[in-house]
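**Q** Below is the structure I would like to discuss, written out as structure tokens.
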Number of protein chains: 2
Amino acid sequence: MGKSKESFALHGTVVYCKSAKEMVTFEDGYVVCVDGISEGVFEKIPEEYKDLPLIETNGKLIIPGFVDLHIHAPQYQNRGNGMDMELLPWLETYTFPEESKYKDLSYTEKAYRMFVDELRSGATTRACVFATAHKDATLRLMEMFEESGLITYVGKVNMDRNVPDYYVETTEGSLSATREWLEEQKAKKFDHTFPIITPRFTPSCTRELMEGLAKLSKEYQAPVQSHLSENLSEIEWVKELEPDTSCYADSYVKAGIMNPDIPCIMAHCVWSDEHETEILKKNNVFVAHSPESNINLCSGVAPIKKYLEAGMNVGLASDVSGGSTTSMFAALRNAIYASKLRNRLFDGDIKPLTFTEAFYIATKGGGAFFGKAGSFEKGYSFDALILDDKTIHTAREDITVVERIERFMYLGDDRHIAGKYAAGIKII
Amino acid sequence: MGKSKESFALHGTVVYCKSAKEMVTFEDGYVVCVDGISEGVFEKIPEEYKDLPLIETNGKLIIPGFVDLHIHAPQYQNRGNGMDMELLPWLETYTFPEESKYKDLSYTEKAYRMFVDELRSGATTRACVFATAHKDATLRLMEMFEESGLITYVGKVNMDRNVPDYYVETTEGSLSATREWLEEQKAKKFDHTFPIITPRFTPSCTRELMEGLAKLSKEYQAPVQSHLSENLSEIEWVKELEPDTSCYADSYVKAGIMNPDIPCIMAHCVWSDEHETEILKKNNVFVAHSPESNINLCSGVAPIKKYLEAGMNVGLASDVSGGSTTSMFAALRNAIYASKLRNRLFDGDIKPLTFTEAFYIATKGGGAFFGKAGSFEKGYSFDALILDDKTIHTAREDITVVERIERFMYLGDDRHIAGKYAAGIKII
């Protein structure tokens with residue numbers, strides 16, 4: 001299925017993060033890709049790579065591709081709408097009616113085509129994606145992603161309570177459809193499109209359903225994604241629904257679906273207290289930080305700086321359509337905006353995210369969920385964006401590399417993407 | 001000097017605000033312009049306007065032009081940079097060195113050309129602009145704006161203390177240069193470019209300078225713009241510098257430059273308490289709300305909903321380069337973002353701005369500083385944007401007019417602007 005993973009070198013202005021504290025820049029650098037894997041960045045092209053094809057970018061910015069750790073494919077059609085509502089009414093009014101349309105495969109075809117085309121032409125190289133509860137539509141989405149060259153985890157959504165009749169599943173029906181979906185996608189032998197077990201969130205999943213999903217996760221060696229501690233009214237609801245739990249995360253732990261052996265993404269974690277944070281840490285959970293969504297739905301701001309300083313796994317996410325845009329440039333600046341207002345208005349002890357920290361979570365932070373991705377260090381999968389910033393005008397002649405890349409995150413968009421690679425495969 | 005103000009009708013999907021609570025939409029409407037003035041919006045073209053040229057937009061969105069009530073022209077070259085700093089260090093490190101370059105008229109020519117070209121091709125039709133302390137550069141900026149067709153107030157900045165030696169003025173020098181500038185711009189008989197008295201802010205203006213500027217404002221019938229209560233460290237500093245004042249605003253009142261007879265814009269007003277808010281109200285001050293700037297510089301969020309409910313004048317602003325972008329679409333969504341986090345994290349009593357309120361302050365709210373502008377009601381100056389949203393894809397077939405315009409503010413940018421008029425003159 002997959003296209004060939006090429007070997008070549010890119011010449012330009014290279015920027016990447018080694019850690020949340022360390023940004024590496026080469027004003028004039030060569031980044032080398034051999035069979036889809038980065039060999040590192042060099043000031044002069046080393047002898048051993050002299051025969052590789054050299055792609056000259058004429059000083060354009062070259063950065064790792066962005067990882068969108070949480071996005072809802074079907075909600076793409078609603079982006080930028082219903083933003084005067086909070087989470088629970090927004091789900092009822094906008095999200096469930098739209099998602100239910102994907103039982104219709106002709107709607108699916110049209111709508112997912114738009115979504116995949118936009119992700120393909122944007123700054124995202126890897127994504128973890130919620131589909132809908134529909135097995136066939138989810139398979140179709142996986143086929144489209146496989147063709148696109150993007151590297152994705154895609155999940156059929158599960159939910160057996162507190163969802164409108166027109167969209168809810170039975171416990172048994174949800175589990176059997178998930179098993180069928182796992183089998184059918186396996187038969188397709190996708191090269192860079194993977195299944196991920198996707199209970200929507202505790203309010204819409206019974207313990208029995210989640211226990212069944214935990215077993216499927218183990219059986220098929222599939223990771224897990226869900227939502228956690230996003231909005232205050234949602235958290236109150238979980239307390240009522242799950243009286244035997246010590247916190248929201250404990251509802252996943254008790255069902256056996258959050259444990260150290262299953263790679264797991266939890267979107268949001270806005271209101272996780274010390275106790276819940278310890279649970280996340282102990283279980284190596286990836287926090288998918290969704291700043292615009294958490295603002296739009298009046299949820300709040302997750303303490304990302306604290307999570308980073310505790311050594312936790314954090315990635316960045318667009319969370320369309322809680323977030324309005326698939327643009328990871330926007331997600332990155334929104335992460336900085338949100339952290340500044342959290343610091344100024346809520347908790348001065350947690351400093352704002354620096355530009356480097358935000359860049360890190362958007363690349364290597366989320367990339368870690370895929371293994372070695374999101375950096376140009378030797379041995380990392382070769383995901384890259386070539387960014388043409390010459391139309392972002394300035395009369396200044398002393399602008400530095402760090403200033404160019406910082407400015408790009410505020411002012412750049414998809415029209416400035418001049419090239420894109422995922423795992424060494426050219427996408428744009 | 002000015003181009004002729006035309007008469008015509010536009011046919012499309014028309015949206016505007018009558019008030020902060022009332023958005024008016026015509027899915028299929030005609031907005032009529034006679035000699036640069038709106039005659040209103042109609043479902044069918046009235047008999048008396050049947051002979052006007054009819055411009056068919058094929059269902060594009062037609063909205064009033066946006067008013068940017070606070071923007072620094074010279075800082076454009078720094079946009080998106082230095083965003084890890086707060087106000088006072090950012091001024092010293094980024095702003096003053098850049099502004100000081102405008103003593104060089106060849107730099108001025110190049111840099112202001114970029115700035116004016118971007119505003120011209122964007123969504124702004126009217127703006128209130130800070131230049132630098134340099135008289136000649138400020139005059140050149142006014143000439144460029146006059147040519148552009150945009151409608152602007154432009155101010156030569158004044159400052160005689162707490163500014164680096166390489167950029168500070170003497171009190172006498174500042175006043176005499178301002179008088180010369182006022183005379184010279186008067187001689188040019190600009191048609192839609194007006195002078196505005198511009199003390200930078202209290203920390204950089206002695207009482208004597210501000211008193212002199214108050215007299216010039218009266219003598220030349222020029223309005224005033226400055227900054228107020230933006231950042232906590234700035235407010236502390238004003239307390240030390242002006243011990244005889246009851247609050248920051250009182251430093252302007254005591255100098256005679258804030259009074260009910262002088263139209264006055266104060267940017268920010270983030271931390272104005274009840275006492276200061278009363279002063280703003282009594283003096284009919286326009287609050288220039290600069291949400292992105294107030295986030296970037298960790299200032300906070302102004303209580304705009306409260307100001308609106310108190311019947312105060314509020315407009316929206318990009319505040320480049322405290323704000324990174326001249327895009328008023330971005331300013332509008334940032335105003336909503338900021339109000340949501342203020343509500344969730346700081347003061348639950350003040351509800352978030354609705355989409356309609358944000359649209360209102362971006363158009364008619366700020367437009368009021370110019371007289372009748374920012375609306376399509378009969379008698380308003382005809383400023384309009386034609387927005388082509390067909391490339392903002394959705395598979396939904398039931399999208400409403402309000403959803404289209406809301407979505408546009410999150411996802412639209414300058415590439416979607418298909419036409420633009422200011423006071424009846426076609427700009428794009």
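Residue numbers start at 1 in each chain; chains themselves are named A, B, ... in the order of the structure tokens; ligands are numbered from 1 in the order shown.
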With 6 Å as the limit and counting only C-alpha atoms, what residues in chain B lie close to chain A? Please list them as a ChimeraX atom specification.
**A** /B:77,80-81,111,295,298,337,340,345-346,394-395,403,407,410
**Q** What would the file look like if the residues just selected were written as a tab-separated table (two decimals), in the first residue's frame with all heavy atoms?
**A**
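After the write, out35.tsv holds the following:
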```tsv
chain	number	residue	atom	x	y	z
B	77	GLN	N	6.54	46.07	12.15
B	77	GLN	CA	7.74	45.32	11.76
B	77	GLN	C	8.13	44.27	12.82
B	77	GLN	O	8.90	43.36	12.54
B	77	GLN	CB	8.93	46.27	11.51
B	77	GLN	CG	8.59	47.45	10.61
B	77	GLN	CD	8.03	47.06	9.25
B	77	GLN	OE1	8.36	46.00	8.72
B	77	GLN	NE2	7.16	47.89	8.69
B	80	GLY	N	4.43	39.59	16.22
B	80	GLY	CA	4.68	38.18	16.50
B	80	GLY	C	6.03	37.90	17.13
B	80	GLY	O	6.45	36.76	17.26
B	81	ASN	N	6.72	38.96	17.58
B	81	ASN	CA	8.01	38.75	18.23
B	81	ASN	C	8.05	39.33	19.64
B	81	ASN	O	7.33	40.26	19.96
B	81	ASN	CB	9.15	39.37	17.40
B	81	ASN	CG	9.56	38.48	16.23
B	81	ASN	OD1	9.95	38.95	15.19
B	81	ASN	ND2	9.43	37.17	16.40
B	111	ALA	N	8.98	50.87	5.37
B	111	ALA	CA	8.25	50.18	6.44
B	111	ALA	C	6.76	50.59	6.47
B	111	ALA	O	5.88	49.73	6.57
B	111	ALA	CB	8.92	50.49	7.78
B	295	ILE	N	-3.47	39.71	26.18
B	295	ILE	CA	-3.05	38.33	26.47
B	295	ILE	C	-1.53	38.21	26.29
B	295	ILE	O	-0.82	37.74	27.18
B	295	ILE	CB	-3.77	37.33	25.53
B	295	ILE	CG1	-5.26	37.31	25.80
B	295	ILE	CG2	-3.17	35.94	25.69
B	295	ILE	CD1	-6.08	36.56	24.74
B	298	CYS	N	0.62	39.50	28.92
B	298	CYS	CA	0.21	39.02	30.25
B	298	CYS	C	-0.46	40.13	31.06
B	298	CYS	O	-0.27	40.21	32.28
B	298	CYS	CB	1.40	38.50	31.04
B	298	CYS	SG	1.69	36.77	30.73
B	337	TYR	N	-12.61	34.72	23.02
B	337	TYR	CA	-11.74	33.84	23.82
B	337	TYR	C	-11.45	34.47	25.18
B	337	TYR	O	-11.59	33.84	26.24
B	337	TYR	CB	-10.37	33.63	23.14
B	337	TYR	CG	-10.29	32.87	21.85
B	337	TYR	CD1	-9.15	32.96	21.06
B	337	TYR	CD2	-11.31	32.02	21.42
B	337	TYR	CE1	-9.02	32.25	19.86
B	337	TYR	CE2	-11.18	31.33	20.22
B	337	TYR	CZ	-10.04	31.44	19.45
B	337	TYR	OH	-9.90	30.75	18.28
B	340	LYS	N	-14.27	34.64	27.66
B	340	LYS	CA	-14.63	33.33	28.21
B	340	LYS	C	-13.68	32.93	29.34
B	340	LYS	O	-14.12	32.44	30.38
B	340	LYS	CB	-14.64	32.26	27.11
B	340	LYS	CG	-15.85	32.40	26.19
B	340	LYS	CD	-15.87	31.35	25.09
B	340	LYS	CE	-17.17	31.47	24.29
B	340	LYS	NZ	-17.20	30.56	23.12
B	345	LEU	N	-12.20	31.85	34.78
B	345	LEU	CA	-11.04	31.80	35.67
B	345	LEU	C	-10.97	32.94	36.68
B	345	LEU	O	-10.19	32.89	37.62
B	345	LEU	CB	-9.74	31.81	34.85
B	345	LEU	CG	-9.54	30.67	33.84
B	345	LEU	CD1	-8.23	30.84	33.10
B	345	LEU	CD2	-9.59	29.30	34.54
B	346	PHE	N	-11.75	34.00	36.46
B	346	PHE	CA	-11.50	35.20	37.25
B	346	PHE	C	-12.76	35.79	37.87
B	346	PHE	O	-12.79	36.11	39.05
B	346	PHE	CB	-10.81	36.24	36.36
B	346	PHE	CG	-10.37	37.48	37.08
B	346	PHE	CD1	-9.33	37.42	37.99
B	346	PHE	CD2	-10.98	38.71	36.84
B	346	PHE	CE1	-8.92	38.57	38.66
B	346	PHE	CE2	-10.57	39.85	37.50
B	346	PHE	CZ	-9.53	39.78	38.41
B	394	THR	N	-18.11	22.96	4.06
B	394	THR	CA	-18.89	22.12	4.95
B	394	THR	C	-19.81	21.25	4.09
B	394	THR	O	-20.27	21.69	3.03
B	394	THR	CB	-19.72	22.91	5.98
B	394	THR	OG1	-20.35	21.97	6.88
B	394	THR	CG2	-20.80	23.77	5.34
B	395	ALA	N	-20.04	20.05	4.57
B	395	ALA	CA	-20.98	19.16	3.87
B	395	ALA	C	-22.41	19.46	4.31
B	395	ALA	O	-23.37	18.98	3.69
B	395	ALA	CB	-20.63	17.70	4.16
B	403	GLU	N	-24.72	31.24	11.34
B	403	GLU	CA	-23.64	30.26	11.40
B	403	GLU	C	-22.54	30.57	10.38
B	403	GLU	O	-21.36	30.40	10.67
B	403	GLU	CB	-24.19	28.84	11.16
B	403	GLU	CG	-24.93	28.30	12.37
B	403	GLU	CD	-25.59	26.94	12.11
B	403	GLU	OE1	-25.90	26.63	10.94
B	403	GLU	OE2	-25.80	26.20	13.08
B	407	ARG	N	-18.83	31.36	11.79
B	407	ARG	CA	-17.77	30.50	11.29
B	407	ARG	C	-16.67	31.32	10.61
B	407	ARG	O	-15.48	31.06	10.77
B	407	ARG	CB	-18.42	29.55	10.27
B	407	ARG	CG	-17.59	28.48	9.74
B	407	ARG	CD	-18.39	27.66	8.73
B	407	ARG	NE	-18.69	28.44	7.53
B	407	ARG	CZ	-18.92	27.91	6.32
B	407	ARG	NH1	-18.96	26.59	6.20
B	407	ARG	NH2	-19.17	28.66	5.29
B	410	TYR	N	-13.99	32.74	12.81
B	410	TYR	CA	-13.00	31.79	13.31
B	410	TYR	C	-12.07	31.31	12.20
B	410	TYR	O	-10.91	31.02	12.46
B	410	TYR	CB	-13.70	30.59	13.96
B	410	TYR	CG	-14.32	30.95	15.30
B	410	TYR	CD1	-15.62	31.43	15.38
B	410	TYR	CD2	-13.58	30.88	16.47
B	410	TYR	CE1	-16.19	31.80	16.60
B	410	TYR	CE2	-14.13	31.25	17.69
B	410	TYR	CZ	-15.43	31.71	17.74
B	410	TYR	OH	-15.96	32.07	18.95
```
**Q** Would you list the contacts of Leu61 (chain B) as a VMD selection string, taking every protein, DNA or RNA residue within 6 Å and counting only C-alpha atoms, but skipping same-chain residues closer than 6 positions in sequence?
**A** chain B and resid 13 to 14 386 to 387
**Q** According to DSSP computed on the backbone, where in region 145-243 of chain A is there strand (DSSP E)? Give the residues as a list in words.
**A**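 Secondary structure check on region 145-243 of chain A, strand (DSSP E): Ile151, Thr152, Tyr153, Val154, Gly155, Val157, Asn158, Thr193, Phe194, Pro195, Thr198, Pro199, Val224, Gln225, Ser226, His227 and Leu228 of chain A.
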**Q** Quick one: write out the picked residues with N, CA, C and O atoms as a PDB file, in the first residue's frame?
**A**
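Result file is again_8.pdb:
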```pdb
ATOM      1  N   ILE A 151      -0.051   9.968   9.006  1.00  0.00           N
ATOM      2  CA  ILE A 151       0.103   8.826   9.909  1.00  0.00           C
ATOM      3  C   ILE A 151      -0.906   9.005  11.039  1.00  0.00           C
ATOM      4  O   ILE A 151      -0.846  10.002  11.773  1.00  0.00           O
ATOM      5  N   THR A 152      -1.835   8.079  11.156  1.00  0.00           N
ATOM      6  CA  THR A 152      -2.943   8.315  12.083  1.00  0.00           C
ATOM      7  C   THR A 152      -3.326   7.085  12.897  1.00  0.00           C
ATOM      8  O   THR A 152      -3.182   5.949  12.451  1.00  0.00           O
ATOM      9  N   TYR A 153      -3.842   7.366  14.077  1.00  0.00           N
ATOM     10  CA  TYR A 153      -4.654   6.413  14.822  1.00  0.00           C
ATOM     11  C   TYR A 153      -6.099   6.877  14.672  1.00  0.00           C
ATOM     12  O   TYR A 153      -6.383   8.069  14.858  1.00  0.00           O
ATOM     13  N   VAL A 154      -6.989   5.939  14.356  1.00  0.00           N
ATOM     14  CA  VAL A 154      -8.392   6.295  14.144  1.00  0.00           C
ATOM     15  C   VAL A 154      -9.253   5.381  15.008  1.00  0.00           C
ATOM     16  O   VAL A 154      -9.025   4.162  15.038  1.00  0.00           O
ATOM     17  N   GLY A 155     -10.249   5.943  15.682  1.00  0.00           N
ATOM     18  CA  GLY A 155     -11.095   5.120  16.547  1.00  0.00           C
ATOM     19  C   GLY A 155     -12.572   5.204  16.225  1.00  0.00           C
ATOM     20  O   GLY A 155     -13.109   6.294  16.037  1.00  0.00           O
ATOM     21  N   VAL A 157     -16.012   5.292  17.700  1.00  0.00           N
ATOM     22  CA  VAL A 157     -16.467   5.768  19.009  1.00  0.00           C
ATOM     23  C   VAL A 157     -17.441   4.766  19.630  1.00  0.00           C
ATOM     24  O   VAL A 157     -18.242   4.150  18.928  1.00  0.00           O
ATOM     25  N   ASN A 158     -17.347   4.598  20.957  1.00  0.00           N
ATOM     26  CA  ASN A 158     -18.268   3.719  21.684  1.00  0.00           C
ATOM     27  C   ASN A 158     -19.074   4.522  22.711  1.00  0.00           C
ATOM     28  O   ASN A 158     -18.511   5.378  23.405  1.00  0.00           O
ATOM     29  N   THR A 193      -1.904   3.559   9.167  1.00  0.00           N
ATOM     30  CA  THR A 193      -3.210   3.916   9.729  1.00  0.00           C
ATOM     31  C   THR A 193      -3.562   2.834  10.736  1.00  0.00           C
ATOM     32  O   THR A 193      -3.640   1.654  10.366  1.00  0.00           O
ATOM     33  N   PHE A 194      -3.754   3.234  11.991  1.00  0.00           N
ATOM     34  CA  PHE A 194      -3.849   2.249  13.067  1.00  0.00           C
ATOM     35  C   PHE A 194      -5.146   2.425  13.861  1.00  0.00           C
ATOM     36  O   PHE A 194      -5.643   3.544  13.995  1.00  0.00           O
ATOM     37  N   PRO A 195      -5.669   1.323  14.425  1.00  0.00           N
ATOM     38  CA  PRO A 195      -6.884   1.445  15.225  1.00  0.00           C
ATOM     39  C   PRO A 195      -6.574   1.886  16.661  1.00  0.00           C
ATOM     40  O   PRO A 195      -5.499   1.583  17.190  1.00  0.00           O
ATOM     41  N   THR A 198     -11.812   3.659  21.515  1.00  0.00           N
ATOM     42  CA  THR A 198     -12.281   5.028  21.734  1.00  0.00           C
ATOM     43  C   THR A 198     -13.616   5.101  22.489  1.00  0.00           C
ATOM     44  O   THR A 198     -14.663   5.389  21.902  1.00  0.00           O
ATOM     45  N   PRO A 199     -13.610   4.797  23.784  1.00  0.00           N
ATOM     46  CA  PRO A 199     -14.822   5.097  24.553  1.00  0.00           C
ATOM     47  C   PRO A 199     -15.005   6.613  24.568  1.00  0.00           C
ATOM     48  O   PRO A 199     -14.045   7.335  24.836  1.00  0.00           O
ATOM     49  N   VAL A 224      -5.575   3.405  23.560  1.00  0.00           N
ATOM     50  CA  VAL A 224      -6.888   3.921  23.964  1.00  0.00           C
ATOM     51  C   VAL A 224      -6.877   5.443  23.924  1.00  0.00           C
ATOM     52  O   VAL A 224      -5.855   6.067  24.217  1.00  0.00           O
ATOM     53  N   GLN A 225      -8.014   6.041  23.538  1.00  0.00           N
ATOM     54  CA  GLN A 225      -8.161   7.505  23.666  1.00  0.00           C
ATOM     55  C   GLN A 225      -9.536   7.817  24.230  1.00  0.00           C
ATOM     56  O   GLN A 225     -10.518   7.151  23.921  1.00  0.00           O
ATOM     57  N   SER A 226      -9.593   8.840  25.069  1.00  0.00           N
ATOM     58  CA  SER A 226     -10.894   9.294  25.570  1.00  0.00           C
ATOM     59  C   SER A 226     -10.751  10.732  26.079  1.00  0.00           C
ATOM     60  O   SER A 226      -9.776  11.417  25.755  1.00  0.00           O
ATOM     61  N   HIS A 227     -11.754  11.181  26.836  1.00  0.00           N
ATOM     62  CA  HIS A 227     -11.768  12.544  27.381  1.00  0.00           C
ATOM     63  C   HIS A 227     -11.712  12.484  28.902  1.00  0.00           C
ATOM     64  O   HIS A 227     -12.259  11.565  29.508  1.00  0.00           O
ATOM     65  N   LEU A 228     -11.132  13.508  29.513  1.00  0.00           N
ATOM     66  CA  LEU A 228     -11.051  13.526  30.974  1.00  0.00           C
ATOM     67  C   LEU A 228     -11.096  14.950  31.526  1.00  0.00           C
ATOM     68  O   LEU A 228     -10.366  15.831  31.059  1.00  0.00           O
TER      69      LEU A 228
END
```
**Q** As a compact mmCIF listing (two decimals) with N, CA, C and O atoms, in the first residue's frame, please: the residues near region 213-215 of chain A (cut-off 12 Å, only C-alpha atoms, same-chain neighbours under 5 positions excluded).
**A**
```
# COMPACT_ATOMS: atom_id res chain seq x y z
N GLY A 155 -10.25 5.94 15.68
CA GLY A 155 -11.09 5.12 16.55
C GLY A 155 -12.57 5.20 16.23
O GLY A 155 -13.11 6.29 16.04
N LYS A 156 -13.21 4.04 16.18
CA LYS A 156 -14.67 3.97 16.17
C LYS A 156 -15.12 4.34 17.58
O LYS A 156 -14.65 3.77 18.56
N VAL A 157 -16.01 5.29 17.70
CA VAL A 157 -16.47 5.77 19.01
C VAL A 157 -17.44 4.77 19.63
O VAL A 157 -18.24 4.15 18.93
N ASN A 158 -17.35 4.60 20.96
CA ASN A 158 -18.27 3.72 21.68
C ASN A 158 -19.07 4.52 22.71
O ASN A 158 -18.51 5.38 23.41
N MET A 159 -20.37 4.17 22.81
CA MET A 159 -21.21 4.88 23.79
C MET A 159 -22.54 4.15 23.95
O MET A 159 -23.22 3.89 22.96
N THR A 171 -24.80 -1.99 24.78
CA THR A 171 -23.48 -2.42 25.24
C THR A 171 -22.95 -3.53 24.33
O THR A 171 -21.83 -3.46 23.81
N GLU A 172 -23.79 -4.51 24.13
CA GLU A 172 -23.37 -5.66 23.33
C GLU A 172 -23.11 -5.27 21.88
O GLU A 172 -22.10 -5.66 21.28
N SER A 174 -22.27 -2.38 20.73
CA SER A 174 -21.06 -1.55 20.64
C SER A 174 -19.81 -2.42 20.63
O SER A 174 -18.90 -2.23 19.81
N LEU A 175 -19.79 -3.42 21.52
CA LEU A 175 -18.62 -4.29 21.61
C LEU A 175 -18.47 -5.16 20.36
O LEU A 175 -17.36 -5.32 19.83
N SER A 176 -19.59 -5.69 19.87
CA SER A 176 -19.46 -6.58 18.71
C SER A 176 -19.09 -5.78 17.47
O SER A 176 -18.27 -6.23 16.66
N ALA A 177 -19.63 -4.57 17.32
CA ALA A 177 -19.25 -3.74 16.16
C ALA A 177 -17.78 -3.36 16.24
O ALA A 177 -17.08 -3.27 15.22
N THR A 178 -17.28 -3.15 17.45
CA THR A 178 -15.87 -2.78 17.61
C THR A 178 -14.96 -3.94 17.22
O THR A 178 -13.95 -3.76 16.53
N ARG A 179 -15.36 -5.15 17.64
CA ARG A 179 -14.57 -6.32 17.24
C ARG A 179 -14.58 -6.50 15.72
O ARG A 179 -13.53 -6.73 15.11
N LEU A 182 -12.31 -3.95 14.21
CA LEU A 182 -10.89 -4.29 14.41
C LEU A 182 -10.45 -5.38 13.44
O LEU A 182 -9.35 -5.33 12.88
N ILE A 196 -7.49 2.62 17.24
CA ILE A 196 -7.35 3.02 18.65
C ILE A 196 -8.73 2.89 19.30
O ILE A 196 -9.74 3.29 18.73
N ILE A 197 -8.75 2.25 20.45
CA ILE A 197 -10.01 2.01 21.17
C ILE A 197 -10.50 3.36 21.73
O ILE A 197 -9.74 4.08 22.37
N THR A 198 -11.81 3.66 21.51
CA THR A 198 -12.28 5.03 21.73
C THR A 198 -13.62 5.10 22.49
O THR A 198 -14.66 5.39 21.90
N PRO A 199 -13.61 4.80 23.78
CA PRO A 199 -14.82 5.10 24.55
C PRO A 199 -15.01 6.61 24.57
O PRO A 199 -14.04 7.34 24.84
N ARG A 200 -16.20 7.10 24.24
CA ARG A 200 -16.36 8.57 24.09
C ARG A 200 -15.89 9.31 25.35
O ARG A 200 -14.97 10.08 25.31
N CYS A 205 -20.48 6.01 28.64
CA CYS A 205 -20.06 4.60 28.61
C CYS A 205 -20.29 3.94 29.96
O CYS A 205 -19.74 4.38 30.99
N THR A 206 -21.04 2.83 29.95
CA THR A 206 -21.21 2.08 31.20
C THR A 206 -19.89 1.38 31.56
O THR A 206 -19.04 1.16 30.69
N ARG A 207 -19.76 1.01 32.81
CA ARG A 207 -18.58 0.27 33.26
C ARG A 207 -18.42 -1.02 32.46
O ARG A 207 -17.31 -1.39 32.06
N GLU A 208 -19.56 -1.67 32.19
CA GLU A 208 -19.52 -2.94 31.44
C GLU A 208 -18.94 -2.74 30.04
O GLU A 208 -18.09 -3.52 29.59
N TYR A 220 -6.18 -6.90 20.90
CA TYR A 220 -5.71 -6.39 19.60
C TYR A 220 -4.50 -5.48 19.75
O TYR A 220 -4.06 -4.88 18.78
N GLN A 221 -3.97 -5.37 20.96
CA GLN A 221 -2.80 -4.51 21.18
C GLN A 221 -3.03 -3.10 20.63
O GLN A 221 -2.15 -2.52 19.97
N ALA A 222 -4.22 -2.59 20.90
CA ALA A 222 -4.56 -1.25 20.41
C ALA A 222 -4.54 -0.27 21.57
O ALA A 222 -5.01 -0.59 22.66
N PRO A 223 -4.00 0.91 21.37
CA PRO A 223 -4.04 1.91 22.44
C PRO A 223 -5.46 2.46 22.64
O PRO A 223 -6.39 2.03 21.95
N VAL A 224 -5.58 3.41 23.56
CA VAL A 224 -6.89 3.92 23.96
C VAL A 224 -6.88 5.44 23.92
O VAL A 224 -5.85 6.07 24.22
N GLN A 225 -8.01 6.04 23.54
CA GLN A 225 -8.16 7.50 23.67
C GLN A 225 -9.54 7.82 24.23
O GLN A 225 -10.52 7.15 23.92
N SER A 226 -9.59 8.84 25.07
CA SER A 226 -10.89 9.29 25.57
C SER A 226 -10.75 10.73 26.08
O SER A 226 -9.78 11.42 25.75
N TYR A 252 -11.94 5.33 34.66
CA TYR A 252 -11.22 4.57 33.62
C TYR A 252 -10.34 3.48 34.25
O TYR A 252 -10.23 2.37 33.73
N VAL A 253 -9.72 3.82 35.38
CA VAL A 253 -8.86 2.84 36.05
C VAL A 253 -9.70 1.65 36.51
O VAL A 253 -9.36 0.49 36.27
N LYS A 254 -10.84 1.93 37.15
CA LYS A 254 -11.67 0.85 37.69
C LYS A 254 -12.20 -0.06 36.57
O LYS A 254 -12.44 -1.24 36.78
N ALA A 255 -12.38 0.50 35.39
CA ALA A 255 -12.84 -0.32 34.26
C ALA A 255 -11.68 -1.06 33.60
O ALA A 255 -11.89 -1.84 32.67
N GLY A 256 -10.47 -0.81 34.07
CA GLY A 256 -9.30 -1.52 33.54
C GLY A 256 -8.78 -0.96 32.21
O GLY A 256 -7.90 -1.54 31.58
N ILE A 257 -9.30 0.19 31.81
CA ILE A 257 -8.91 0.70 30.49
C ILE A 257 -7.80 1.75 30.59
O ILE A 257 -7.18 2.12 29.59
N MET A 258 -7.55 2.22 31.80
CA MET A 258 -6.38 3.08 32.02
C MET A 258 -5.42 2.30 32.92
O MET A 258 -5.70 2.11 34.10
N ASN A 259 -4.35 1.81 32.32
CA ASN A 259 -3.34 1.12 33.12
C ASN A 259 -1.99 1.26 32.44
O ASN A 259 -1.92 1.60 31.25
N ASP A 261 0.04 -0.56 31.09
CA ASP A 261 0.38 -1.41 29.95
C ASP A 261 -0.31 -0.99 28.66
O ASP A 261 0.00 -1.52 27.59
N ILE A 262 -1.29 -0.08 28.77
CA ILE A 262 -2.00 0.35 27.56
C ILE A 262 -1.64 1.80 27.28
O ILE A 262 -1.92 2.67 28.09
N PRO A 263 -1.01 2.10 26.11
CA PRO A 263 -0.78 3.50 25.77
C PRO A 263 -2.14 4.21 25.69
O PRO A 263 -3.07 3.69 25.09
N CYS A 264 -2.22 5.36 26.29
CA CYS A 264 -3.53 6.00 26.48
C CYS A 264 -3.43 7.51 26.36
O CYS A 264 -2.54 8.14 26.94
```
**Q** To one decimal place in Å, what is the distance between CA of Asp104 (chain B) and CA of Gln75 (chain B)?
**A** 15.2 Å
**Q** Residues within 12 Å of Gly122 (chain A), please, as an NGL selection string. Count only C-alpha atoms; anything in the same chain fewer than 5 positions from it doesn't count.
**A** :A and (65-68 or 115-117 or 127 or 148 or 150 or 325-330 or 384-387 or 412-421 or 427-428)
**Q** In Å, how far is it from CA of Ser7 (chain B) to CA of Arg126 (chain B)?
**A**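 These atoms are spaced 20.1 Å apart.
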**Q** To one decimal place in Å, what is the distance between CA of Asp51 (chain B) and CA of Phe8 (chain B)?
**A** 8.8 Å
**Q** When you count only C-alpha atoms, which of these residues is closest to Ile63 (chain A): A:Trp237, A:Phe359, A:Tyr248, A:Tyr102?
**A**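 Nearest candidate to Ile63 (chain A) out of A:Trp237, A:Phe359, A:Tyr248, A:Tyr102: A:Phe359.
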